[in-house]
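Reading through the C-alpha cells given below for one structure.
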Amino acid sequence: MEIDRDILLLMLRRMWMIRNFELKVMEVHSAGEFSGAAHPYIGEEAVAVGACAALEDTDYITGNHRSHGHPIAKGGRVDKAMAELYGRVDGYCKGKGGSMHLADYSIGILGESGILGSSVPVAVGAALAAHIRGDKFVSMAFFGDGASNQGALHESMNLASIWKLPVIFLCENNQYAVTTSYADTVAVDHVSDRASAYNMPGMLVDGQDAIAMYEATAAAVARARAGEGPTLIEGLTYRFEEHSLGLGRVARGAYRAEAEIAEWRKRDPLDILEKTLTSQGIATREECDAINAETVAEVEKATEFARNSPFPEPEDLFEDMWANPIPLP
Amino acid sequence: MAQTVFLEAINQAIQEEMRRDESVYILGEDIRRAIYGATADLLSEFGEKRVLDTPLSEEGFFGAAIGSSLVGMRPVVETLTSFMWVAMDQLVSQAAKMRYMFGGQATLPVVFRASMFYGAGSAAHHSDRSYPMFMNMPGIKIIVPSNPADMKGLLKTAIRDDDPTIVFEDGTLFGMRGEVPDNSELPGEELLVPFGEARTFREGTDCTIVAIGGAVNHSIAAADQLAAEGISVEVVDPRTLVPLDKKSILESVEKTGRLVIADPAHKVCSAASEIASIVSEEGFWSLQAPIQKVASEQVHIPYTPSLEKHVYPDAPKIIAAVKRTLES
C-alpha cells in the first residue's frame, strides 16, 4: 500500500506528540502539579495514531481510561487536554472530566470512559445513526484486552454485525489488565479470534508498527464505508510504563518480568516508524528530530497554558448538567 | 374530546413525533409486531430502519441509542423497568453522566420507555417500580404519567427534550380509558405537557394526597369515598419526578395542613420519601399532623395474588392514612 508522505509525517508528529505529552504528564504529576489517576500511553502510540490516521474529522471515536493517546491521535489539542488534566476552565471538559474523560465533539471524539467496555456500545450507536440516515461516516471503539471480556463488547459486536454497521472495533492488546495477563483471562489465543463468532473479519496486527496499523484500519474503514459492516482489529502492543501514575510501582516484577519489559522496549514504535521513514528516504534523520523537537515545544506551551488557566468558580459546579436546564432540587 | 386507551396514547405520541421529525426512531424487543401494543402500525408507516427489533442485548442497544443521540438522532427505547438492570451501566455511566463529565459537549435526546408490569402476577423479576433509584442519580429526567392524556403529552415533550428521559409507564393503567383532546381542539394543534408542572385532580381543604403513577386513580377513589364521609381531600399528581414541582405540593400542604403520599415504589428511599423530606424541610410550619407515606411494603413482589395484593398502595390504605392525619 502506497501511503501519502503527508500522512506518514503526520503519524510521526502525532506519535511524538503523545510520547512527549505523556513524559510531561509524568513529570508534572510526580511534582504534584495535579492529582488523580493518569494512565500513560507510552509504548502504544502506533496503535491509536495508525488507526486514527485512517479516519476523517467527521468520523467518530470512543475510548477508555488510557485516554490521552486517542484524542491526540485523532487531532485533538494538547493545550486543552493538558488544561483538563490540571482541572482548569480551559480544559476540554472545563475541569469536570479530568484525565480519563477527554472529549472533543468538534472532531468526533465522543469521549473516553473510565468504565471499561462501556463506551463500545456508544460507538456502535454513532454508527447506527450513519446507517439510519445513510451518512458515510464510520465509528471506532478503542478498548483493551481487559475489556475484551466485557459483555458490552460482545453485545456490541453482535449488534454491529447483524445491522452491518460501519464500526471498527479496535482492541489495544497491551497484554495486561492492570496486573493480570490476558493469557490468563482470554479464552482464545488472540482477541481478534473472537471476530469469527460475530461473522466479521478479525485482524491481528503488529501494534508497534504504525504503518501496519494504518493499513489494516484503512481496509476496515473502506469496508465500513462501503456498507459491508464492522471489523475487529487487534493491535498487539505493550505498555512501557505502569498502569497508572500515582499507583507507584508496587506490583512491578510481580506480574511482568524485567526481561519482558526490556524486550518490548526494544520495539519502540517511534524507532520503528523513524527507521522505516529514513531507510526509505521519506524523511531524513534531521526532519524526524525536528518533528520531535517541535512537539516538545508544543507540549511545553500547552503546559504553560494549563498552568495559567484559572480553576472553575464554585458556581460552575451547577453548569453543564442539562441541555434544557431544570431547577435544582 | 376522544376517549383514548393509555396504550393508544403512547402509540399516538410516538407516531406523531416520528412523522414530525425524521431523527426520531424506535428500538426495542419485539416492537415491530407490537407485542405490548404501544408500537402498533409503526413498522408499516416508518419502515425497518426507524423501527428496529433488537436482540436481547439491553447493554448493547441502550448504549447504541445513547451513541446515536450524541450525533443527532432522537431514539425512543422500548423496554421494561426490570430489563433496565442489565443495562444500568449504560444508563448511569453514559446517559446520566456524559454531558456533565464532558463539560457540556454531549447532548443526549434519548428517551427510555420502561413498562412497570406490577400487580398482575408477574412476580419479582417483572414488577419493578424503580424510578426512585434514578431520582437519586443526577442527569436523567423522570416522568410517571397517570392517565392517557398526560401519557401522550409528556411522552411527546420527552422526545423533544434534549436530555435523557425515562418514562415509567404504569402497566396497571395500560387499559385505562381517558379523555385525550383531538389535536384540532388544541392551540398549536398538538398535545404537549411541560415537565415540572403538577396537576391537581381535585381540590380539597382537609388533606393533600400527592400520588404517583397508578396510585393517582386509587387516591381519587379514596377521595371520593372520603368526600361521602365529609372529608375534603386534594389530589396532586406531580407527573414528573425530575424535575419535581415542589411549589405546587408545598402550596397544597399550606392550604390543607396535612399530607399523605401514595407511591407504588418500595417505601424506603421512595419518591414519597423525597417528597416527605421536602415538605418536612420547607413546609413544616404548614403541617398539622405527621406526614403519612403509603408506599409498597419492603418485600419483593410475590407471585400469588393472595400475597401480592397486600404490597401496593390502594384506596383502603390511602383512606386509612388520610384518617390518621385527621386524628391528631
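Going through the C-alpha cells in order, the chains are called A, B, and so on, while each chain numbers its residues from 1 and the ligands are numbered from 1 in the order shown.
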
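All residues of protein, DNA or RNA that reach within 7 Å of Pro264 (chain B), judged by only C-alpha atoms and not counting those fewer than 5 positions away in the chain, are Arg129, Ala215, Ala295, Ser296, Tyr312 and Pro313 of chain B.
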
Given only C-alpha atoms, how would the per-residue table for chain A near chain B read, listing every residue at most 7 Å away with its closest atom pair and distance in Å to one decimal, sorted by chain and number, as CSV?
```
residue,atom,partner,partner_atom,distance
A:Cys93,CA,B:Gly103,CA,3.9
A:Lys94,CA,B:Gly103,CA,5.4
A:Lys96,CA,B:Met101,CA,5.4
A:Gly97,CA,B:Met101,CA,4.7
A:His101,CA,B:Phe102,CA,6.8
A:Ala103,CA,B:Phe102,CA,6.3
A:Tyr105,CA,B:Gln105,CA,6.3
A:Ser118,CA,B:Gln90,CA,6.8
A:Pro121,CA,B:Gly63,CA,4.6
A:Val122,CA,B:Gly67,CA,4.0
A:Ala123,CA,B:Gly67,CA,5.9
A:Val124,CA,B:Ala64,CA,5.4
A:Gly125,CA,B:Ala64,CA,3.4
A:Ala126,CA,B:Ser68,CA,4.5
A:Leu128,CA,B:Ser68,CA,6.3
A:Ala129,CA,B:Ser68,CA,5.1
A:Ile132,CA,B:Lys49,CA,5.6
A:Ala152,CA,B:Gly60,CA,5.8
A:Glu155,CA,B:Gly60,CA,5.1
A:Ser156,CA,B:Gly60,CA,5.2
A:Asp320,CA,B:Gly104,CA,4.6
A:Met321,CA,B:Tyr100,CA,5.1
A:Trp322,CA,B:Asp163,CA,6.3
A:Ala323,CA,B:Asp162,CA,5.7
A:Asn324,CA,B:Asp162,CA,6.3
A:Ile326,CA,B:Pro243,CA,6.2
```

Export, as a PDB file, in the first residue's frame, the selected residues with C-alpha atoms.
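Wrote part.pdb, looks like this:
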```
ATOM      1  CA  CYS A  93     -14.312  19.465  29.773  1.00  0.00           C
ATOM      2  CA  LYS A  94     -13.835  22.666  31.809  1.00  0.00           C
ATOM      3  CA  LYS A  96     -15.123  18.312  35.064  1.00  0.00           C
ATOM      4  CA  GLY A  97     -13.755  15.237  33.335  1.00  0.00           C
ATOM      5  CA  HIS A 101     -12.679  11.697  30.241  1.00  0.00           C
ATOM      6  CA  ALA A 103     -13.550  14.558  24.611  1.00  0.00           C
ATOM      7  CA  TYR A 105     -17.007  16.865  19.924  1.00  0.00           C
ATOM      8  CA  SER A 118     -18.840   0.860  28.436  1.00  0.00           C
ATOM      9  CA  PRO A 121     -21.963   0.426  22.585  1.00  0.00           C
ATOM     10  CA  VAL A 122     -21.826   4.232  22.331  1.00  0.00           C
ATOM     11  CA  ALA A 123     -19.571   3.978  19.278  1.00  0.00           C
ATOM     12  CA  VAL A 124     -21.949   1.422  17.805  1.00  0.00           C
ATOM     13  CA  GLY A 125     -24.735   3.953  18.296  1.00  0.00           C
ATOM     14  CA  ALA A 126     -22.925   6.625  16.307  1.00  0.00           C
ATOM     15  CA  LEU A 128     -26.252   3.203  13.841  1.00  0.00           C
ATOM     16  CA  ALA A 129     -27.055   6.858  13.150  1.00  0.00           C
ATOM     17  CA  ILE A 132     -30.307   5.035   9.573  1.00  0.00           C
ATOM     18  CA  ALA A 152     -20.895  -4.826  26.419  1.00  0.00           C
ATOM     19  CA  GLU A 155     -23.327  -7.409  22.570  1.00  0.00           C
ATOM     20  CA  SER A 156     -21.903  -4.552  20.527  1.00  0.00           C
ATOM     21  CA  ASP A 320     -23.465  21.536  32.239  1.00  0.00           C
ATOM     22  CA  MET A 321     -25.929  19.191  33.941  1.00  0.00           C
ATOM     23  CA  TRP A 322     -28.722  19.671  31.431  1.00  0.00           C
ATOM     24  CA  ALA A 323     -29.261  20.784  27.857  1.00  0.00           C
ATOM     25  CA  ASN A 324     -32.711  22.060  28.902  1.00  0.00           C
ATOM     26  CA  ILE A 326     -34.343  22.405  35.371  1.00  0.00           C
TER      27      ILE A 326
END
```

Which residues, written as a PDB file with N, CA and C atoms, in the first residue's frame, have at least one atom at most 6 Å from region 215-229 of chain A, with only C-alpha atoms counted and residues fewer than 3 positions away on the same chain left out?
```pdb
ATOM      1  N   ALA A  51      -4.281   3.923  13.580  1.00  0.00           N
ATOM      2  CA  ALA A  51      -5.722   3.733  13.359  1.00  0.00           C
ATOM      3  C   ALA A  51      -6.413   5.043  13.009  1.00  0.00           C
ATOM      4  N   ALA A  54      -6.283   6.796   9.564  1.00  0.00           N
ATOM      5  CA  ALA A  54      -7.174   6.299   8.506  1.00  0.00           C
ATOM      6  C   ALA A  54      -8.583   6.875   8.623  1.00  0.00           C
ATOM      7  N   LYS A 136     -22.067   8.721   5.569  1.00  0.00           N
ATOM      8  CA  LYS A 136     -20.891   7.923   5.199  1.00  0.00           C
ATOM      9  C   LYS A 136     -19.818   7.847   6.282  1.00  0.00           C
ATOM     10  N   LYS A 164     -24.969  -4.634  10.085  1.00  0.00           N
ATOM     11  CA  LYS A 164     -23.899  -4.219   9.165  1.00  0.00           C
ATOM     12  C   LYS A 164     -23.506  -2.755   9.374  1.00  0.00           C
ATOM     13  N   LEU A 165     -23.176  -2.426  10.597  1.00  0.00           N
ATOM     14  CA  LEU A 165     -22.880  -1.029  10.931  1.00  0.00           C
ATOM     15  C   LEU A 165     -21.415  -0.696  10.641  1.00  0.00           C
ATOM     16  N   PRO A 166     -21.159   0.562  10.276  1.00  0.00           N
ATOM     17  CA  PRO A 166     -19.789   0.988   9.966  1.00  0.00           C
ATOM     18  C   PRO A 166     -18.968   1.240  11.232  1.00  0.00           C
ATOM     19  N   ALA A 212       1.584  -0.563   9.701  1.00  0.00           N
ATOM     20  CA  ALA A 212       0.725  -1.755   9.671  1.00  0.00           C
ATOM     21  C   ALA A 212      -0.653  -1.450  10.239  1.00  0.00           C
TER      22      ALA A 212
END
```

Could you give me, as a PDB file with N, CA and C atoms, in the first residue's frame, the residues within 9 Å of Leu7 (chain B), counting only C-alpha atoms and dropping anything in the same chain fewer than 4 positions from it?
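The result, written out as out00.pdb:
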```
ATOM      1  N   ASN B  11     -48.921   5.167  21.615  1.00  0.00           N
ATOM      2  CA  ASN B  11     -48.777   4.958  20.174  1.00  0.00           C
ATOM      3  C   ASN B  11     -48.950   6.268  19.400  1.00  0.00           C
ATOM      4  N   GLN B  12     -49.950   7.030  19.781  1.00  0.00           N
ATOM      5  CA  GLN B  12     -50.193   8.320  19.094  1.00  0.00           C
ATOM      6  C   GLN B  12     -48.997   9.259  19.252  1.00  0.00           C
ATOM      7  N   TYR B  36     -46.435  -5.441  23.023  1.00  0.00           N
ATOM      8  CA  TYR B  36     -47.154  -4.785  24.122  1.00  0.00           C
ATOM      9  C   TYR B  36     -48.211  -3.802  23.613  1.00  0.00           C
ATOM     10  N   GLY B  37     -48.288  -3.625  22.323  1.00  0.00           N
ATOM     11  CA  GLY B  37     -49.363  -2.798  21.773  1.00  0.00           C
ATOM     12  C   GLY B  37     -48.974  -1.367  21.463  1.00  0.00           C
ATOM     13  N   ALA B  38     -47.986  -0.841  22.172  1.00  0.00           N
ATOM     14  CA  ALA B  38     -47.688   0.589  22.045  1.00  0.00           C
ATOM     15  C   ALA B  38     -47.080   0.954  20.693  1.00  0.00           C
ATOM     16  N   THR B  39     -46.513  -0.028  19.994  1.00  0.00           N
ATOM     17  CA  THR B  39     -45.812   0.296  18.748  1.00  0.00           C
ATOM     18  C   THR B  39     -46.577  -0.170  17.509  1.00  0.00           C
ATOM     19  N   PRO B 148     -54.154   8.682  30.230  1.00  0.00           N
ATOM     20  CA  PRO B 148     -53.802   8.724  28.801  1.00  0.00           C
ATOM     21  C   PRO B 148     -53.376  10.103  28.288  1.00  0.00           C
ATOM     22  N   MET B 151     -49.952  10.869  29.541  1.00  0.00           N
ATOM     23  CA  MET B 151     -49.014   9.937  28.895  1.00  0.00           C
ATOM     24  C   MET B 151     -48.618  10.468  27.526  1.00  0.00           C
ATOM     25  N   LEU B 173     -52.182   0.771  34.281  1.00  0.00           N
ATOM     26  CA  LEU B 173     -53.011   1.762  33.578  1.00  0.00           C
ATOM     27  C   LEU B 173     -53.163   1.470  32.088  1.00  0.00           C
ATOM     28  N   PHE B 174     -52.510   0.425  31.594  1.00  0.00           N
ATOM     29  CA  PHE B 174     -52.461   0.232  30.140  1.00  0.00           C
ATOM     30  C   PHE B 174     -53.850   0.168  29.503  1.00  0.00           C
ATOM     31  N   GLY B 175     -54.803  -0.380  30.218  1.00  0.00           N
ATOM     32  CA  GLY B 175     -56.161  -0.461  29.649  1.00  0.00           C
ATOM     33  C   GLY B 175     -57.053   0.701  30.033  1.00  0.00           C
ATOM     34  N   MET B 176     -56.496   1.664  30.765  1.00  0.00           N
ATOM     35  CA  MET B 176     -57.311   2.799  31.241  1.00  0.00           C
ATOM     36  C   MET B 176     -57.786   3.667  30.076  1.00  0.00           C
TER      37      MET B 176
END
```

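The shortest atom-to-atom distance to Pro230 (chain A), with only C-alpha atoms taken into account, belongs to A:Ser161 out of A:Ser161, A:Ala293, A:Ala259, A:Ser196.
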
Subject >> Test item: residues at most 7 Å from region 301-304 of chain A, only C-alpha atoms, excluding those fewer than 2 positions along its chain, as a ChimeraX atom specification >> reply: /A:78-79,82,297-299,306-308

Selection above as a file: C-alpha atoms, as an mmCIF file, in the first residue's frame:
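Saved the output as again.cif:
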```
data_model
loop_
_atom_site.group_PDB
_atom_site.id
_atom_site.type_symbol
_atom_site.label_atom_id
_atom_site.label_comp_id
_atom_site.auth_asym_id
_atom_site.auth_seq_id
_atom_site.Cartn_x
_atom_site.Cartn_y
_atom_site.Cartn_z
ATOM 1 C CA VAL A 78 -2.739 19.235 23.626
ATOM 2 C CA ASP A 79 -3.303 22.577 25.356
ATOM 3 C CA MET A 82 -3.315 19.381 29.448
ATOM 4 C CA ALA A 297 7.926 22.776 22.380
ATOM 5 C CA GLU A 298 4.194 22.454 21.770
ATOM 6 C CA VAL A 299 3.741 20.329 24.884
ATOM 7 C CA ALA A 306 -2.715 24.818 31.527
ATOM 8 C CA ARG A 307 -0.848 26.347 34.452
ATOM 9 C CA ASN A 308 -2.102 29.815 33.572
#
```

Subject >> For region 274-277 of chain A: contacts at 10 Å, only C-alpha atoms, fewer than 6 positions along chain excluded, given as a PyMOL selection string >> reply: chain A and resi 5+8-9+12+209+211+283-285+287-289

**OP:** Give me, please, the distance in Å between CA of Val110 (chain B) and CA of Thr165 (chain B), quoted to one decimal.
**Re:**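 Straight-line distance from CA of Val110 (chain B) to CA of Thr165 (chain B) works out to 6.4 Å.
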
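Compared by their closest atoms to Leu23 (chain A), and using only C-alpha atoms, the residues A:Glu286, A:Asp135, A:Glu241, A:Asp206 rank with A:Glu241 nearest.
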
Pull the helix (DSSP H, G or I) assignments for region 79-244 of chain A out of DSSP run on the backbone, and list those residues as a tab-separated table (two decimals) with N, CA and C atoms, in the first residue's frame.
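The file below, result-v2.tsv, is the result:
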```tsv
chain	number	residue	atom	x	y	z
A	79	ASP	N	-3.15	21.56	24.30
A	79	ASP	CA	-3.30	22.58	25.36
A	79	ASP	C	-4.60	22.34	26.14
A	80	LYS	N	-5.68	22.05	25.41
A	80	LYS	CA	-6.95	21.79	26.10
A	80	LYS	C	-6.91	20.46	26.87
A	81	ALA	N	-6.16	19.50	26.33
A	81	ALA	CA	-6.02	18.22	27.04
A	81	ALA	C	-5.25	18.44	28.34
A	82	MET	N	-4.13	19.16	28.25
A	82	MET	CA	-3.32	19.38	29.45
A	82	MET	C	-4.08	20.21	30.48
A	83	ALA	N	-4.79	21.24	30.00
A	83	ALA	CA	-5.57	22.07	30.94
A	83	ALA	C	-6.64	21.22	31.64
A	84	GLU	N	-7.18	20.23	30.94
A	84	GLU	CA	-8.16	19.35	31.58
A	84	GLU	C	-7.51	18.54	32.70
A	85	LEU	N	-6.31	18.05	32.43
A	85	LEU	CA	-5.61	17.29	33.48
A	85	LEU	C	-5.31	18.17	34.70
A	99	SER	N	-8.36	13.46	33.49
A	99	SER	CA	-7.54	12.61	32.61
A	99	SER	C	-8.33	11.52	31.89
A	100	MET	N	-9.28	10.91	32.57
A	100	MET	CA	-9.95	9.74	32.00
A	100	MET	C	-11.13	10.06	31.11
A	101	HIS	N	-11.46	11.36	30.98
A	101	HIS	CA	-12.68	11.70	30.24
A	101	HIS	C	-12.45	12.82	29.24
A	105	TYR	N	-15.89	17.15	20.83
A	105	TYR	CA	-17.01	16.87	19.92
A	105	TYR	C	-16.85	17.56	18.57
A	106	SER	N	-15.95	18.56	18.51
A	106	SER	CA	-15.80	19.26	17.23
A	106	SER	C	-15.08	18.40	16.19
A	107	ILE	N	-14.34	17.38	16.65
A	107	ILE	CA	-13.67	16.50	15.69
A	107	ILE	C	-13.98	15.02	15.97
A	120	VAL	N	-18.04	1.20	24.22
A	120	VAL	CA	-18.14	0.48	22.94
A	120	VAL	C	-19.56	0.55	22.36
A	121	PRO	N	-20.62	0.27	23.14
A	121	PRO	CA	-21.96	0.43	22.58
A	121	PRO	C	-22.24	1.86	22.10
A	122	VAL	N	-21.62	2.83	22.74
A	122	VAL	CA	-21.83	4.23	22.33
A	122	VAL	C	-21.29	4.44	20.91
A	123	ALA	N	-20.13	3.88	20.63
A	123	ALA	CA	-19.57	3.98	19.28
A	123	ALA	C	-20.47	3.26	18.27
A	124	VAL	N	-21.02	2.14	18.68
A	124	VAL	CA	-21.95	1.42	17.81
A	124	VAL	C	-23.15	2.31	17.50
A	125	GLY	N	-23.59	3.07	18.49
A	125	GLY	CA	-24.73	3.95	18.30
A	125	GLY	C	-24.47	5.05	17.28
A	126	ALA	N	-23.27	5.61	17.31
A	126	ALA	CA	-22.93	6.63	16.31
A	126	ALA	C	-23.01	6.00	14.92
A	127	ALA	N	-22.51	4.76	14.81
A	127	ALA	CA	-22.57	4.07	13.52
A	127	ALA	C	-24.01	3.75	13.13
A	128	LEU	N	-24.83	3.47	14.12
A	128	LEU	CA	-26.25	3.20	13.84
A	128	LEU	C	-26.91	4.44	13.22
A	129	ALA	N	-26.52	5.61	13.73
A	129	ALA	CA	-27.05	6.86	13.15
A	129	ALA	C	-26.68	6.97	11.67
A	130	ALA	N	-25.43	6.62	11.36
A	130	ALA	CA	-24.99	6.66	9.96
A	130	ALA	C	-25.82	5.70	9.11
A	131	HIS	N	-26.08	4.54	9.68
A	131	HIS	CA	-26.86	3.51	9.00
A	131	HIS	C	-28.29	3.98	8.73
A	132	ILE	N	-28.91	4.60	9.73
A	132	ILE	CA	-30.31	5.03	9.57
A	132	ILE	C	-30.39	6.18	8.57
A	133	ARG	N	-29.47	7.13	8.70
A	133	ARG	CA	-29.55	8.33	7.85
A	133	ARG	C	-28.91	8.16	6.49
A	147	ALA	N	-11.03	-5.27	28.57
A	147	ALA	CA	-12.43	-5.03	28.22
A	147	ALA	C	-12.94	-5.99	27.15
A	148	SER	N	-12.03	-6.72	26.52
A	148	SER	CA	-12.49	-7.67	25.52
A	148	SER	C	-13.30	-8.80	26.17
A	149	ASN	N	-13.28	-8.85	27.50
A	149	ASN	CA	-14.09	-9.84	28.21
A	149	ASN	C	-15.42	-9.27	28.71
A	151	GLY	N	-19.23	-8.04	28.59
A	151	GLY	CA	-20.45	-8.32	27.83
A	151	GLY	C	-20.80	-7.21	26.87
A	152	ALA	N	-20.55	-5.97	27.28
A	152	ALA	CA	-20.89	-4.83	26.42
A	152	ALA	C	-20.22	-4.94	25.06
A	153	LEU	N	-18.98	-5.41	25.04
A	153	LEU	CA	-18.27	-5.55	23.76
A	153	LEU	C	-18.93	-6.62	22.91
A	154	HIS	N	-19.26	-7.73	23.52
A	154	HIS	CA	-19.82	-8.86	22.76
A	154	HIS	C	-21.21	-8.51	22.23
A	155	GLU	N	-22.01	-7.86	23.05
A	155	GLU	CA	-23.33	-7.41	22.57
A	155	GLU	C	-23.15	-6.42	21.42
A	156	SER	N	-22.15	-5.58	21.55
A	156	SER	CA	-21.90	-4.55	20.53
A	156	SER	C	-21.46	-5.17	19.20
A	157	MET	N	-20.59	-6.17	19.28
A	157	MET	CA	-20.12	-6.80	18.04
A	157	MET	C	-21.26	-7.52	17.34
A	158	ASN	N	-22.12	-8.15	18.13
A	158	ASN	CA	-23.27	-8.82	17.53
A	158	ASN	C	-24.22	-7.82	16.87
A	159	LEU	N	-24.52	-6.74	17.58
A	159	LEU	CA	-25.41	-5.71	17.03
A	159	LEU	C	-24.83	-5.13	15.74
A	160	ALA	N	-23.56	-4.78	15.79
A	160	ALA	CA	-22.94	-4.15	14.62
A	160	ALA	C	-22.94	-5.10	13.43
A	161	SER	N	-22.80	-6.37	13.72
A	161	SER	CA	-22.76	-7.34	12.63
A	161	SER	C	-24.14	-7.59	12.03
A	162	ILE	N	-25.16	-7.75	12.88
A	162	ILE	CA	-26.49	-8.03	12.31
A	162	ILE	C	-27.02	-6.84	11.52
A	182	TYR	N	-3.42	-11.20	29.85
A	182	TYR	CA	-4.56	-11.59	29.02
A	182	TYR	C	-4.54	-13.09	28.75
A	183	ALA	N	-3.34	-13.70	28.83
A	183	ALA	CA	-3.27	-15.15	28.64
A	183	ALA	C	-4.09	-15.89	29.71
A	184	ASP	N	-4.23	-15.25	30.89
A	184	ASP	CA	-4.99	-15.87	31.98
A	184	ASP	C	-6.49	-15.58	31.92
A	185	THR	N	-6.89	-14.63	31.07
A	185	THR	CA	-8.29	-14.19	31.12
A	185	THR	C	-9.02	-14.29	29.79
A	191	VAL	N	-7.43	-11.90	20.78
A	191	VAL	CA	-8.73	-11.22	20.85
A	191	VAL	C	-9.38	-11.20	19.47
A	192	SER	N	-8.56	-11.04	18.44
A	192	SER	CA	-9.10	-10.96	17.08
A	192	SER	C	-9.81	-12.25	16.66
A	193	ASP	N	-9.48	-13.38	17.32
A	193	ASP	CA	-10.18	-14.64	17.01
A	193	ASP	C	-11.67	-14.53	17.32
A	194	ARG	N	-12.01	-13.62	18.21
A	194	ARG	CA	-13.41	-13.50	18.61
A	194	ARG	C	-14.30	-12.96	17.50
A	195	ALA	N	-13.69	-12.39	16.48
A	195	ALA	CA	-14.47	-11.83	15.37
A	195	ALA	C	-15.32	-12.91	14.69
A	196	SER	N	-14.77	-14.11	14.61
A	196	SER	CA	-15.48	-15.15	13.85
A	196	SER	C	-16.83	-15.48	14.48
A	197	ALA	N	-16.94	-15.32	15.80
A	197	ALA	CA	-18.22	-15.59	16.47
A	197	ALA	C	-19.29	-14.58	16.05
A	198	TYR	N	-18.84	-13.45	15.53
A	198	TYR	CA	-19.79	-12.41	15.14
A	198	TYR	C	-19.76	-12.16	13.64
A	210	ALA	N	3.20	1.52	13.18
A	210	ALA	CA	2.13	2.47	12.84
A	210	ALA	C	1.63	2.25	11.41
A	211	ILE	N	2.55	1.91	10.52
A	211	ILE	CA	2.15	1.72	9.12
A	211	ILE	C	1.25	0.49	8.98
A	212	ALA	N	1.58	-0.56	9.70
A	212	ALA	CA	0.73	-1.76	9.67
A	212	ALA	C	-0.65	-1.45	10.24
A	213	MET	N	-0.67	-0.67	11.32
A	213	MET	CA	-1.96	-0.28	11.91
A	213	MET	C	-2.77	0.56	10.93
A	214	TYR	N	-2.09	1.49	10.26
A	214	TYR	CA	-2.79	2.34	9.30
A	214	TYR	C	-3.38	1.51	8.17
A	215	GLU	N	-2.59	0.59	7.65
A	215	GLU	CA	-3.06	-0.20	6.50
A	215	GLU	C	-4.25	-1.08	6.89
A	216	ALA	N	-4.18	-1.71	8.04
A	216	ALA	CA	-5.28	-2.56	8.48
A	216	ALA	C	-6.55	-1.73	8.68
A	217	THR	N	-6.36	-0.58	9.31
A	217	THR	CA	-7.53	0.26	9.60
A	217	THR	C	-8.12	0.84	8.32
A	218	ALA	N	-7.26	1.23	7.42
A	218	ALA	CA	-7.77	1.79	6.15
A	218	ALA	C	-8.64	0.75	5.43
A	219	ALA	N	-8.23	-0.51	5.48
A	219	ALA	CA	-9.04	-1.56	4.84
A	219	ALA	C	-10.38	-1.72	5.56
A	220	ALA	N	-10.35	-1.66	6.89
A	220	ALA	CA	-11.59	-1.79	7.67
A	220	ALA	C	-12.51	-0.60	7.43
A	221	VAL	N	-11.92	0.59	7.32
A	221	VAL	CA	-12.72	1.80	7.08
A	221	VAL	C	-13.37	1.72	5.70
A	222	ALA	N	-12.61	1.26	4.71
A	222	ALA	CA	-13.17	1.14	3.36
A	222	ALA	C	-14.34	0.16	3.36
A	223	ARG	N	-14.17	-0.94	4.04
A	223	ARG	CA	-15.24	-1.93	4.16
A	223	ARG	C	-16.47	-1.31	4.85
A	224	ALA	N	-16.24	-0.57	5.93
A	224	ALA	CA	-17.35	0.05	6.66
A	224	ALA	C	-18.08	1.08	5.80
A	225	ARG	N	-17.32	1.92	5.10
A	225	ARG	CA	-17.95	2.96	4.27
A	225	ARG	C	-18.72	2.36	3.10
```

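Picture a line from CA of Leu55 (chain A) to CA of Gly146 (chain A); it runs 24.8 Å.
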
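Across the structure, CA of Arg199 (chain B) and CA of Pro238 (chain B) are spaced 6.3 Å apart.
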
**OP:** Check the smallest atom-to-atom distance from each of B:Leu250, B:Val322, B:Val268, B:Val180 to Cys207 (chain B) using only C-alpha atoms, then report the winner.
**Re:** B:Val322

**OP:** Select from region 48-80 of chain B everything DSSP, run on the backbone, classes as strand (DSSP E), then give the selection as a PyMOL selection string.
**Re:** chain B and resi 51-53+74-80

Any chance you can output those residues with N, CA and C atoms as a compact mmCIF listing (two decimals), in the first residue's frame?
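Saved result, selection_2.txt, follows:
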```txt
# COMPACT_ATOMS: atom_id res chain seq x y z
N VAL B 51 -37.72 1.53 12.81
CA VAL B 51 -38.43 0.67 13.78
C VAL B 51 -37.60 -0.60 13.89
N LEU B 52 -36.72 -0.61 14.89
CA LEU B 52 -35.69 -1.66 14.96
C LEU B 52 -35.99 -2.68 16.05
N ASP B 53 -36.17 -3.93 15.62
CA ASP B 53 -36.22 -5.02 16.60
C ASP B 53 -34.79 -5.35 17.00
N ARG B 74 -32.81 10.97 17.63
CA ARG B 74 -33.68 11.06 18.81
C ARG B 74 -34.32 9.70 19.05
N PRO B 75 -33.55 8.79 19.65
CA PRO B 75 -34.06 7.43 19.84
C PRO B 75 -35.10 7.33 20.94
N VAL B 76 -36.07 6.45 20.71
CA VAL B 76 -37.03 6.06 21.74
C VAL B 76 -36.81 4.57 21.97
N VAL B 77 -36.35 4.22 23.17
CA VAL B 77 -36.08 2.83 23.50
C VAL B 77 -37.29 2.26 24.23
N GLU B 78 -37.80 1.12 23.75
CA GLU B 78 -38.88 0.47 24.49
C GLU B 78 -38.29 -0.66 25.32
N THR B 79 -38.63 -0.68 26.61
CA THR B 79 -38.11 -1.73 27.48
C THR B 79 -39.04 -1.89 28.67
N LEU B 80 -38.64 -2.76 29.57
CA LEU B 80 -39.34 -2.93 30.85
C LEU B 80 -38.41 -2.44 31.95
```
